[in-house]
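Worksheet for the structure shown next.
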Protein chains: 2
Amino acid sequence: MSTKAPTIKDVARESSVSVATVSRIVNGQPGYSAETLARVTAAIRRMGYTPNAVARGLVQKRTHTIGVLLPTVTSKFASQLLGGIEAEAHNHDYSAIICNTDRNGRRTAEYLRVLSEKQVEGLIFTSEFLTDEYEHLVEAMKVPMVLVSTMSRRYPIPYVRVDDRQASYAATRYLTERGHTQIGMVSGTASDPIAGRPRVEGFLQALADSGLSSDESLITYGDFHFDSGRKAARELLDRHPEVTAVFAASDEMAVGALSTAWERGLRVPEDLSVIGYDDTQDAQMSIPPLTAVHQPIAEMGSVAVRMLLENSNQSRIMPFSITERHSVKTL
Amino acid sequence: MSTKAPTIKDVARESSVSVATVSRIVNGQPGYSAETLARVTAAIRRMGYTPNAVARGLVQKRTHTIGVLLPTVTSKFASQLLGGIEAEAHNHDYSAIICNTDRNGRRTAEYLRVLSEKQVEGLIFTSEFLTDEYEHLVEAMKVPMVLVSTMSRRYPIPYVRVDDRQASYAATRYLTERGHTQIGMVSGTASDPIAGRPRVEGFLQALADSGLSSDESLITYGDFHFDSGRKAARELLDRHPEVTAVFAASDEMAVGALSTAWERGLRVPEDLSVIGYDDTQDAQMSIPPLTAVHQPIAEMGSVAVRMLLENSNQSRIMPFSITERHSVKTL
DNA sequence: CTGAAAGCGCTTACAG
DNA sequence: CTGAAAGCGCTTACAG
């Protein structure tokens, strides 16, 4: 057993050709006789030669690597998105470096620096507001970026997302069309300009268009995650016990609302209807199974990868739908 | 705006020093006057110079990158594990390339090849059986590997995992100690020699030690995921309607059992007790909240990273515990 | 069909 | 305190 990995030079020597010829063979380029091919191939196999991608990357200035920035990695939304990204990247022979920003500015800046040094060929930035600072750092990297499930109003960065306002509108209408007139909302982060406010606006607009009073007191706020959803649902039900349906701005918060209902002996959907948002696997696993706004999450990931690799700056609004399960009752 | 990124040569020229000096400054090594430091630092800042990690990696033969192989990326178990890995890697200034093997031999082999070419410094292989083929490929890579939530009986590869047999034993005993005598198990993949059979054995042993008949018909099989858990629970209840408690070999399957109970109008825990395994966030989100065997999942990820970076081959058996929630009734 | 040589952007002895 | 030079493992014109 040799102690160090053989290089292209070793196989060149071993098969009595130049490194240029070995390189051509390894890369499937033309320019050698069948006899040479056989000899070199045999040597490669015999020696267990593996090309060094970092050396190749240095000369070609390509690393076949992208960086993926996520505010969290443990939510179903994040992991399904990551799954889509990873799969599509792999299809194109790219690797994905995972970066959990933790919604932390310092971490994000650090990651951006590392990714820049590692010469990633593209960046996918997800579910978070793109600050001026981040934009400037990325701008300096001279690397294409696509936004997923977020967007920027200040910078012309391509994105792939669902129309939050429209989807929330549809979810709320789904409730009103089924006879609900007392509807509350468990919203995500109030200050989130992308997944926060627009979903609230869609909700309010739907109420108004249905001739219902659209009162901001019908909205309580969480952070898109389970615990916060449970709390926000308690707050909502305390404030408006007359509510017969709640629209949650994420599946996790909807499941939190389910827990709250369960705590209080409220049956879903008999006593309280709940509609979620995302249609992650959480919606399938809950009791009762959750009716939810469906986003094509994994596909959004793969679309983002393709946009990056095709250097497209054509943003995409993805279609949503409503997946009906058993958490909404028609009154 | 320059069209291409400045190199160390550019900043050397710009600040009238050699690249060696710039290199020293960039890397915080000694050997330059305060005046030189100031001049070079200014040039770096002014030009927006970022060191090229791939060039550096080529000479130092270090990439500060590890590869993480997972059989799936969307389960809570996988994402919490990945979260722990990613966080610890980042603490040590390492990046993680995520590889979803999809439990597919070809994909796994491809990933191993890519990771080898990209010169990752270590591999984390999780939750899957290490075949001879994989072992040989990794062996050829000359790169350290650590196994998480799995192990190899044939090869001396360090691992970090919980003792499956013992944990299952404890879970089952938890049920018998609470008066249950009719206990079924929803197992994971029967053929899985790590998380499959050992958990079954722990279950059976606990039954026997409790003076209960330990009949293999009390066990139905799934694949650790939700749908399969639902089905396996149906099968179990059809076969043994007298069962008062079920031990599921994963939280997802336990939640599947909850769904099955719900479908059939069985209340949990009044009519049927359920105990899960993993204690992922799924256990917190279910109705009722799930009592489950707790594995320190994220910590297992960070321990694995440390083992890799410290080049330790000292395997670790991590402690488990039982997190009590509301899915088990004392008879 | 094949090889010599330059060069990718760094780091690292070595010499002064 | 500083620089010239070699070298990491490849690819890519260029020449033959």
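To be explicit about the labels: the chains of the structure tokens are called A, B, and onward in the order shown, and within each one the residues are counted from 1, while ligands get numbers from 1 in the order they are shown.
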What are the closest atom pairs, with distances in Å to one decimal, for each residue of chain D lying within 10 Å of segment 2-13 of chain C, using only C-alpha atoms (C1' of nucleotides), rows by chain and rising residue number, as CSV?
residue,atom,partner,partner_atom,distance
D:DA6,C1',C:DT12,C1',9.1
D:DG7,C1',C:DT12,C1',9.2
D:DC8,C1',C:DC10,C1',8.9
D:DC10,C1',C:DC8,C1',9.0
D:DT11,C1',C:DC8,C1',9.0
D:DT12,C1',C:DA6,C1',9.1
D:DA13,C1',C:DA6,C1',9.3
D:DC14,C1',C:DA5,C1',9.3
D:DA15,C1',C:DA4,C1',9.2
D:DG16,C1',C:DT2,C1',8.7
Take the residues that were just selected and, keeping C-alpha atoms (C1' of nucleotides), output them as a compact mmCIF listing (two decimals), in the first residue's frame.
# COMPACT_ATOMS: atom_id res chain seq x y z
C1' DA D 6 10.08 25.84 -6.21
C1' DG D 7 6.14 23.28 -6.06
C1' DC D 8 1.08 21.67 -5.00
C1' DC D 10 -3.86 19.67 -12.68
C1' DT D 11 -5.37 21.84 -17.83
C1' DT D 12 -4.51 24.08 -21.96
C1' DA D 13 -2.78 26.11 -25.91
C1' DC D 14 0.92 25.21 -28.98
C1' DA D 15 3.97 22.67 -31.75
C1' DG D 16 5.13 18.68 -34.07
- Query: Would you list which chain A residues are within 7 Å of chain D using only C-alpha atoms (C1' of nucleotides), as a PyMOL selection string?
  - Reply: chain A and resi 7+52+55-56+59
Chain B near chain A within 8 Å: what's each residue's closest atom pair and its distance in Å to one decimal, counting only C-alpha atoms, ordered by chain then ascending residue number, as JSON lines?
{"residue": "B:Gly48", "atom": "CA", "partner": "A:Ala140", "partner_atom": "CA", "distance": 7.5}
{"residue": "B:Thr50", "atom": "CA", "partner": "A:Glu117", "partner_atom": "CA", "distance": 6.2}
{"residue": "B:Pro51", "atom": "CA", "partner": "A:Glu117", "partner_atom": "CA", "distance": 5.8}
{"residue": "B:Asn52", "atom": "CA", "partner": "A:Glu117", "partner_atom": "CA", "distance": 5.0}
{"residue": "B:Ala53", "atom": "CA", "partner": "A:Lys118", "partner_atom": "CA", "distance": 4.9}
{"residue": "B:Val54", "atom": "CA", "partner": "A:Val54", "partner_atom": "CA", "distance": 5.9}
{"residue": "B:Ala55", "atom": "CA", "partner": "A:Leu58", "partner_atom": "CA", "distance": 6.0}
{"residue": "B:Gly57", "atom": "CA", "partner": "A:Val54", "partner_atom": "CA", "distance": 7.2}
{"residue": "B:Leu58", "atom": "CA", "partner": "A:Ala55", "partner_atom": "CA", "distance": 6.0}
{"residue": "B:Val73", "atom": "CA", "partner": "A:Gly83", "partner_atom": "CA", "distance": 6.0}
{"residue": "B:Thr74", "atom": "CA", "partner": "A:Ser79", "partner_atom": "CA", "distance": 4.9}
{"residue": "B:Ser75", "atom": "CA", "partner": "A:Lys76", "partner_atom": "CA", "distance": 7.7}
{"residue": "B:Lys76", "atom": "CA", "partner": "A:Thr74", "partner_atom": "CA", "distance": 6.6}
{"residue": "B:Ser79", "atom": "CA", "partner": "A:Thr74", "partner_atom": "CA", "distance": 5.0}
{"residue": "B:Gln80", "atom": "CA", "partner": "A:Thr74", "partner_atom": "CA", "distance": 5.5}
{"residue": "B:Leu82", "atom": "CA", "partner": "A:Val73", "partner_atom": "CA", "distance": 7.7}
{"residue": "B:Gly83", "atom": "CA", "partner": "A:Val73", "partner_atom": "CA", "distance": 6.0}
{"residue": "B:Glu86", "atom": "CA", "partner": "A:Cys99", "partner_atom": "CA", "distance": 7.3}
{"residue": "B:Ala87", "atom": "CA", "partner": "A:Asn100", "partner_atom": "CA", "distance": 7.6}
{"residue": "B:Ser95", "atom": "CA", "partner": "A:Ile97", "partner_atom": "CA", "distance": 6.5}
{"residue": "B:Ala96", "atom": "CA", "partner": "A:Ile97", "partner_atom": "CA", "distance": 5.6}
{"residue": "B:Ile97", "atom": "CA", "partner": "A:Ile97", "partner_atom": "CA", "distance": 4.5}
{"residue": "B:Ile98", "atom": "CA", "partner": "A:Ala96", "partner_atom": "CA", "distance": 6.1}
{"residue": "B:Cys99", "atom": "CA", "partner": "A:Glu86", "partner_atom": "CA", "distance": 7.3}
{"residue": "B:Asn100", "atom": "CA", "partner": "A:Glu86", "partner_atom": "CA", "distance": 7.3}
{"residue": "B:Ser116", "atom": "CA", "partner": "A:Thr50", "partner_atom": "CA", "distance": 7.4}
{"residue": "B:Glu117", "atom": "CA", "partner": "A:Ala53", "partner_atom": "CA", "distance": 5.0}
{"residue": "B:Lys118", "atom": "CA", "partner": "A:Ala53", "partner_atom": "CA", "distance": 4.9}
{"residue": "B:Gln119", "atom": "CA", "partner": "A:Asn52", "partner_atom": "CA", "distance": 7.0}
{"residue": "B:Ala140", "atom": "CA", "partner": "A:Gly48", "partner_atom": "CA", "distance": 7.5}
{"residue": "B:Phe226", "atom": "CA", "partner": "A:Met285", "partner_atom": "CA", "distance": 7.2}
{"residue": "B:Val255", "atom": "CA", "partner": "A:Met285", "partner_atom": "CA", "distance": 6.9}
{"residue": "B:Gly256", "atom": "CA", "partner": "A:Met285", "partner_atom": "CA", "distance": 7.2}
{"residue": "B:Ser259", "atom": "CA", "partner": "A:Ile287", "partner_atom": "CA", "distance": 6.6}
{"residue": "B:Trp262", "atom": "CA", "partner": "A:Ile287", "partner_atom": "CA", "distance": 7.5}
{"residue": "B:Met285", "atom": "CA", "partner": "A:Val255", "partner_atom": "CA", "distance": 6.9}
{"residue": "B:Ser286", "atom": "CA", "partner": "A:Ser286", "partner_atom": "CA", "distance": 6.6}
{"residue": "B:Ile287", "atom": "CA", "partner": "A:Ser259", "partner_atom": "CA", "distance": 6.6}
- Item | atom CA of Asp251 of chain A to atom CA of Ala254 of chain B, straight-line distance in Å |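 One can read the atom CA of Ala254 of chain B to atom CA of Asp251 of chain A distance as 19.8 Å.
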Chain A post-superposition (all in-order Cα pairs with chain B) as a CSV table (one decimal) with C-alpha atoms, in the first residue's frame:
chain,number,residue,atom,x,y,z
A,1,MET,CA,-15.1,47.8,-10.9
A,2,SER,CA,-12.5,45.3,-11.8
A,3,THR,CA,-13.9,42.4,-13.8
A,4,LYS,CA,-11.9,39.7,-12.0
A,5,ALA,CA,-11.0,39.1,-8.4
A,6,PRO,CA,-7.6,40.3,-7.3
A,7,THR,CA,-5.0,37.7,-6.4
A,8,ILE,CA,-2.2,37.8,-3.9
A,9,LYS,CA,0.1,38.9,-6.7
A,10,ASP,CA,-2.1,41.9,-7.3
A,11,VAL,CA,-2.0,43.1,-3.7
A,12,ALA,CA,1.7,42.4,-3.6
A,13,ARG,CA,2.3,44.7,-6.6
A,14,GLU,CA,-0.1,47.3,-5.3
A,15,SER,CA,1.6,47.5,-1.9
A,16,SER,CA,5.2,47.0,-3.3
A,17,VAL,CA,6.0,43.9,-1.3
A,18,SER,CA,6.5,40.2,-2.3
A,19,VAL,CA,3.6,37.7,-2.3
A,20,ALA,CA,5.4,36.0,0.6
A,21,THR,CA,4.9,39.0,2.8
A,22,VAL,CA,1.3,39.3,1.8
A,23,SER,CA,0.8,35.7,2.5
A,24,ARG,CA,2.3,36.1,6.0
A,25,ILE,CA,0.0,39.0,6.8
A,26,VAL,CA,-3.1,37.2,5.5
A,27,ASN,CA,-2.3,34.2,7.6
A,28,GLY,CA,-1.3,36.1,10.7
A,29,GLN,CA,2.3,34.8,10.7
A,30,PRO,CA,5.1,37.0,12.0
A,31,GLY,CA,7.7,38.7,9.9
A,32,TYR,CA,7.0,42.2,8.8
A,33,SER,CA,7.1,45.7,10.1
A,34,ALA,CA,4.1,47.6,11.4
A,35,GLU,CA,4.4,49.9,8.5
A,36,THR,CA,4.3,47.0,6.0
A,37,LEU,CA,1.4,45.5,7.8
A,38,ALA,CA,-0.5,48.8,7.5
A,39,ARG,CA,0.2,49.3,3.9
A,40,VAL,CA,-0.7,45.7,2.9
A,41,THR,CA,-3.8,45.7,5.0
A,42,ALA,CA,-4.9,48.9,3.4
A,43,ALA,CA,-4.3,47.4,-0.1
A,44,ILE,CA,-6.2,44.3,0.8
A,45,ARG,CA,-9.1,46.3,2.0
A,46,ARG,CA,-9.1,48.7,-0.9
A,47,MET,CA,-8.9,46.0,-3.5
A,48,GLY,CA,-11.3,43.7,-1.8
A,49,TYR,CA,-8.9,40.8,-1.8
A,50,THR,CA,-10.1,37.4,-0.6
A,51,PRO,CA,-7.7,34.6,-0.4
A,52,ASN,CA,-8.4,31.7,-2.7
A,53,ALA,CA,-8.9,28.6,-0.6
A,54,VAL,CA,-8.6,26.2,-3.4
A,55,ALA,CA,-5.1,27.4,-4.2
A,56,ARG,CA,-4.2,27.3,-0.6
A,57,GLY,CA,-5.8,23.8,-0.3
A,58,LEU,CA,-3.7,22.6,-3.2
A,59,VAL,CA,-0.4,23.4,-1.5
A,60,GLN,CA,-1.5,22.6,2.1
A,61,LYS,CA,-3.4,19.5,1.1
A,62,ARG,CA,-6.2,20.6,3.3
A,63,THR,CA,-9.6,21.6,2.3
A,64,HIS,CA,-11.3,22.2,5.6
A,65,THR,CA,-14.2,20.3,4.2
A,66,ILE,CA,-16.0,17.1,5.3
A,67,GLY,CA,-18.6,15.0,3.6
A,68,VAL,CA,-21.8,13.9,5.3
A,69,LEU,CA,-23.7,10.9,3.9
A,70,LEU,CA,-27.3,10.5,4.9
A,71,PRO,CA,-29.9,8.0,3.7
A,72,THR,CA,-32.4,10.8,3.7
A,73,VAL,CA,-32.4,14.4,4.5
A,74,THR,CA,-36.0,15.2,5.2
A,75,SER,CA,-36.6,13.2,8.4
A,76,LYS,CA,-36.4,15.0,11.7
A,77,PHE,CA,-33.7,12.6,12.8
A,78,ALA,CA,-31.6,13.3,9.8
A,79,SER,CA,-32.0,17.1,9.9
A,80,GLN,CA,-31.3,17.3,13.7
A,81,LEU,CA,-28.2,15.2,13.2
A,82,LEU,CA,-27.2,17.3,10.2
A,83,GLY,CA,-27.8,20.4,12.4
A,84,GLY,CA,-25.4,19.1,15.0
A,85,ILE,CA,-22.8,18.2,12.4
A,86,GLU,CA,-23.0,21.5,10.6
A,87,ALA,CA,-22.8,23.5,13.8
A,88,GLU,CA,-19.7,21.7,15.1
A,89,ALA,CA,-18.0,21.8,11.7
A,90,HIS,CA,-18.5,25.5,11.5
A,91,ASN,CA,-17.1,25.9,15.0
A,92,HIS,CA,-13.9,24.3,13.8
A,93,ASP,CA,-13.9,26.3,10.5
A,94,TYR,CA,-14.9,23.4,8.5
A,95,SER,CA,-17.6,23.1,5.8
A,96,ALA,CA,-19.9,20.2,5.3
A,97,ILE,CA,-20.9,18.8,1.9
A,98,ILE,CA,-24.3,17.2,2.1
A,99,CYS,CA,-24.9,13.9,0.3
A,100,ASN,CA,-28.2,12.2,0.2
A,101,THR,CA,-27.5,8.6,-0.6
A,102,ASP,CA,-31.2,7.7,-0.8
A,103,ARG,CA,-30.1,4.3,0.4
A,104,ASN,CA,-28.9,3.8,-3.1
A,105,GLY,CA,-25.7,2.0,-3.8
A,106,ARG,CA,-24.9,3.7,-7.0
A,107,ARG,CA,-25.5,7.2,-5.6
A,108,THR,CA,-23.4,6.4,-2.6
A,109,ALA,CA,-20.5,5.2,-4.8
A,110,GLU,CA,-20.8,8.3,-6.9
A,111,TYR,CA,-20.7,10.5,-3.9
A,112,LEU,CA,-17.7,8.7,-2.5
A,113,ARG,CA,-15.9,9.3,-5.7
A,114,VAL,CA,-16.8,13.0,-5.8
A,115,LEU,CA,-15.8,13.5,-2.2
A,116,SER,CA,-12.6,11.8,-2.9
A,117,GLU,CA,-11.8,14.0,-5.8
A,118,LYS,CA,-12.7,17.0,-3.9
A,119,GLN,CA,-10.2,16.0,-1.2
A,120,VAL,CA,-12.5,16.1,1.7
A,121,GLU,CA,-10.7,15.6,5.0
A,122,GLY,CA,-13.2,13.3,6.5
A,123,LEU,CA,-16.4,11.4,6.1
A,124,ILE,CA,-19.4,11.0,8.3
A,125,PHE,CA,-21.6,8.1,7.4
A,126,THR,CA,-24.9,7.8,9.0
A,127,SER,CA,-27.8,5.5,9.8
A,128,GLU,CA,-27.0,3.0,7.2
A,129,PHE,CA,-25.3,-0.3,6.9
A,130,LEU,CA,-21.7,-0.1,5.8
A,131,THR,CA,-21.3,-2.5,2.9
A,132,ASP,CA,-18.1,-4.1,1.9
A,133,GLU,CA,-18.2,-2.1,-1.3
A,134,TYR,CA,-18.5,1.2,0.6
A,135,GLU,CA,-15.8,0.2,3.0
A,136,HIS,CA,-13.4,-0.6,0.2
A,137,LEU,CA,-14.1,2.7,-1.6
A,138,VAL,CA,-13.5,4.6,1.6
A,139,GLU,CA,-10.4,2.6,2.4
A,140,ALA,CA,-9.0,3.6,-1.0
A,141,MET,CA,-9.7,7.3,-0.3
A,142,LYS,CA,-7.4,7.2,2.7
A,143,VAL,CA,-9.7,9.5,4.5
A,144,PRO,CA,-10.9,9.1,8.1
A,145,MET,CA,-14.5,8.2,8.6
A,146,VAL,CA,-16.8,8.0,11.5
A,147,LEU,CA,-20.1,6.2,11.7
A,148,VAL,CA,-23.1,7.8,13.3
A,149,SER,CA,-26.1,5.8,14.5
A,150,THR,CA,-24.6,2.7,12.9
A,151,MET,CA,-21.6,0.5,13.2
A,152,SER,CA,-19.6,-2.2,11.4
A,153,ARG,CA,-18.9,-5.6,12.8
A,154,ARG,CA,-16.4,-6.4,10.1
A,155,TYR,CA,-14.4,-3.2,10.0
A,156,PRO,CA,-12.8,-1.3,12.9
A,157,ILE,CA,-14.4,2.0,12.0
A,158,PRO,CA,-15.1,4.3,14.9
A,159,TYR,CA,-18.7,5.0,15.6
A,160,VAL,CA,-21.0,7.1,17.8
A,161,ARG,CA,-24.3,5.7,18.6
A,162,VAL,CA,-26.7,4.7,21.3
A,163,ASP,CA,-27.0,1.0,22.4
A,164,ASP,CA,-30.1,0.1,20.4
A,165,ARG,CA,-30.7,-3.1,22.2
A,166,GLN,CA,-30.4,-1.6,25.6
A,167,ALA,CA,-32.5,1.4,24.8
A,168,SER,CA,-35.3,-0.8,23.4
A,169,TYR,CA,-35.1,-2.9,26.4
A,170,ALA,CA,-35.6,0.1,28.6
A,171,ALA,CA,-38.5,1.4,26.5
A,172,THR,CA,-40.2,-1.9,26.8
A,173,ARG,CA,-39.5,-2.2,30.5
A,174,TYR,CA,-41.0,1.3,30.9
A,175,LEU,CA,-44.2,-0.2,29.6
A,176,THR,CA,-44.2,-3.4,31.7
A,177,GLU,CA,-43.4,-1.4,34.8
A,178,ARG,CA,-46.5,0.5,34.2
A,179,GLY,CA,-48.6,-2.6,34.2
A,180,HIS,CA,-48.8,-3.4,30.5
A,181,THR,CA,-48.8,-7.1,29.7
A,182,GLN,CA,-50.0,-7.0,26.2
A,183,ILE,CA,-47.4,-5.1,24.3
A,184,GLY,CA,-46.7,-5.0,20.6
A,185,MET,CA,-43.8,-3.5,18.6
A,186,VAL,CA,-43.7,-1.6,15.4
A,187,SER,CA,-40.2,-2.3,14.3
A,188,GLY,CA,-38.0,-0.7,11.7
A,189,THR,CA,-36.6,-2.6,8.7
A,190,ALA,CA,-36.3,-6.2,9.7
A,191,SER,CA,-33.1,-6.7,7.7
A,192,ASP,CA,-31.3,-3.7,9.2
A,193,PRO,CA,-28.6,-5.2,11.3
A,194,ILE,CA,-28.1,-2.1,13.3
A,195,ALA,CA,-31.4,-0.3,14.1
A,196,GLY,CA,-33.6,-3.2,13.1
A,197,ARG,CA,-32.8,-6.5,14.7
A,198,PRO,CA,-31.1,-5.2,17.9
A,199,ARG,CA,-34.2,-3.1,18.8
A,200,VAL,CA,-36.4,-6.2,18.3
A,201,GLU,CA,-34.1,-8.2,20.5
A,202,GLY,CA,-34.2,-5.6,23.3
A,203,PHE,CA,-38.0,-5.7,23.1
A,204,LEU,CA,-38.2,-9.4,23.2
A,205,GLN,CA,-35.7,-9.7,26.0
A,206,ALA,CA,-37.6,-7.2,28.1
A,207,LEU,CA,-40.8,-9.1,27.6
A,208,ALA,CA,-39.1,-12.3,28.6
A,209,ASP,CA,-37.5,-10.7,31.7
A,210,SER,CA,-40.9,-9.4,32.7
A,211,GLY,CA,-42.4,-12.9,32.6
A,212,LEU,CA,-44.4,-12.1,29.5
A,213,SER,CA,-44.6,-14.3,26.5
A,214,SER,CA,-42.3,-12.9,23.9
A,215,ASP,CA,-43.9,-13.9,20.6
A,216,GLU,CA,-42.6,-12.7,17.3
A,217,SER,CA,-46.2,-12.2,16.1
A,218,LEU,CA,-46.3,-9.2,18.4
A,219,ILE,CA,-43.9,-7.5,16.0
A,220,THR,CA,-44.8,-5.8,12.7
A,221,TYR,CA,-42.4,-4.1,10.4
A,222,GLY,CA,-42.0,-0.8,8.7
A,223,ASP,CA,-39.1,1.3,7.4
A,224,PHE,CA,-38.8,3.8,10.3
A,225,HIS,CA,-41.0,6.3,8.4
A,226,PHE,CA,-44.4,7.6,9.1
A,227,ASP,CA,-46.6,5.8,6.5
A,228,SER,CA,-45.0,2.5,7.2
A,229,GLY,CA,-45.6,3.1,10.9
A,230,ARG,CA,-49.2,3.7,10.3
A,231,LYS,CA,-49.5,0.5,8.2
A,232,ALA,CA,-47.5,-1.6,10.7
A,233,ALA,CA,-49.7,-0.4,13.5
A,234,ARG,CA,-52.8,-1.4,11.7
A,235,GLU,CA,-51.4,-4.8,11.1
A,236,LEU,CA,-50.4,-5.1,14.7
A,237,LEU,CA,-53.8,-4.1,16.0
A,238,ASP,CA,-55.6,-6.4,13.5
A,239,ARG,CA,-53.5,-9.2,14.6
A,240,HIS,CA,-53.5,-8.5,18.3
A,241,PRO,CA,-56.5,-6.3,19.3
A,242,GLU,CA,-55.8,-7.0,22.9
A,243,VAL,CA,-52.6,-5.0,22.9
A,244,THR,CA,-52.6,-2.1,25.3
A,245,ALA,CA,-49.3,-0.6,24.4
A,246,VAL,CA,-47.0,-0.3,21.5
A,247,PHE,CA,-43.3,0.4,21.3
A,248,ALA,CA,-42.3,2.0,18.0
A,249,ALA,CA,-38.7,1.9,16.8
A,250,SER,CA,-38.8,5.5,15.7
A,251,ASP,CA,-40.8,8.6,16.5
A,252,GLU,CA,-42.2,8.8,13.0
A,253,MET,CA,-43.6,5.3,13.2
A,254,ALA,CA,-44.9,6.1,16.7
A,255,VAL,CA,-46.7,9.1,15.2
A,256,GLY,CA,-48.0,6.7,12.5
A,257,ALA,CA,-49.4,4.5,15.3
A,258,LEU,CA,-51.1,7.6,16.8
A,259,SER,CA,-52.7,8.1,13.5
A,260,THR,CA,-53.9,4.6,13.3
A,261,ALA,CA,-55.3,4.8,16.8
A,262,TRP,CA,-57.1,8.0,15.8
A,263,GLU,CA,-58.5,6.4,12.7
A,264,ARG,CA,-59.9,3.6,14.8
A,265,GLY,CA,-61.3,5.8,17.5
A,266,LEU,CA,-58.8,4.6,20.0
A,267,ARG,CA,-57.8,7.2,22.5
A,268,VAL,CA,-54.1,7.6,23.4
A,269,PRO,CA,-53.2,6.9,26.1
A,270,GLU,CA,-56.5,5.9,27.5
A,271,ASP,CA,-57.1,3.0,25.1
A,272,LEU,CA,-53.7,2.5,23.8
A,273,SER,CA,-50.3,3.6,25.0
A,274,VAL,CA,-47.5,4.4,22.6
A,275,ILE,CA,-43.8,5.0,23.2
A,276,GLY,CA,-41.5,6.3,20.5
A,277,TYR,CA,-37.8,6.2,19.8
A,278,ASP,CA,-35.5,9.1,19.0
A,279,ASP,CA,-37.2,11.9,20.7
A,280,THR,CA,-37.1,14.2,17.7
A,281,GLN,CA,-39.2,17.3,17.5
A,282,ASP,CA,-41.9,15.0,16.0
A,283,ALA,CA,-42.4,13.7,19.6
A,284,GLN,CA,-43.1,17.2,20.9
A,285,MET,CA,-45.5,18.1,18.1
A,286,SER,CA,-47.8,15.1,18.2
A,287,ILE,CA,-51.1,14.8,19.9
A,288,PRO,CA,-50.8,13.7,22.6
A,289,PRO,CA,-47.1,14.6,23.0
A,290,LEU,CA,-45.1,11.4,22.7
A,291,THR,CA,-43.2,9.7,25.4
A,292,ALA,CA,-40.0,8.5,23.7
A,293,VAL,CA,-36.6,7.1,24.1
A,294,HIS,CA,-34.3,10.1,23.9
A,295,GLN,CA,-31.2,10.0,21.8
A,296,PRO,CA,-28.9,13.1,22.0
A,297,ILE,CA,-29.1,13.4,18.2
A,298,ALA,CA,-27.5,16.8,17.6
A,299,GLU,CA,-24.8,16.0,20.1
A,300,MET,CA,-24.0,12.7,18.3
A,301,GLY,CA,-23.4,14.8,15.2
A,302,SER,CA,-21.0,17.2,17.0
A,303,VAL,CA,-19.2,14.3,18.7
A,304,ALA,CA,-18.7,12.7,15.3
A,305,VAL,CA,-17.2,15.9,13.9
A,306,ARG,CA,-14.8,16.2,16.8
A,307,MET,CA,-13.8,12.5,16.5
A,308,LEU,CA,-13.0,13.2,12.9
A,309,LEU,CA,-11.0,16.3,13.4
A,310,GLU,CA,-9.1,14.9,16.4
A,311,ASN,CA,-8.4,11.8,14.4
A,312,SER,CA,-9.8,9.8,17.3
A,313,ASN,CA,-10.8,6.2,16.7
A,314,GLN,CA,-12.3,5.8,20.1
A,315,SER,CA,-16.0,4.8,19.5
A,316,ARG,CA,-18.6,6.4,21.7
A,317,ILE,CA,-21.8,4.8,23.1
A,318,MET,CA,-24.0,7.8,23.9
A,319,PRO,CA,-26.4,7.7,26.8
A,320,PHE,CA,-30.1,7.5,26.2
A,321,SER,CA,-33.0,8.3,28.5
A,322,ILE,CA,-36.7,8.3,28.4
A,323,THR,CA,-38.6,11.6,27.9
A,324,GLU,CA,-42.0,11.3,29.5
A,325,ARG,CA,-44.8,13.1,27.9
A,326,HIS,CA,-48.4,12.0,27.6
A,327,SER,CA,-48.7,8.9,25.4
A,328,VAL,CA,-48.3,6.2,28.0
A,329,LYS,CA,-50.8,5.3,30.7
A,330,THR,CA,-50.1,3.5,33.8
A,331,LEU,CA,-52.6,0.6,34.1
- Message: Using DSSP secondary structure from the backbone, list all alpha helix (DSSP H) positions within segment 80-312 of chain A, as a PyMOL selection string.
- Response: chain A and resi 80-91+105-117+132-141+164-176+197-209+226-239+251-263+281-285+297-309
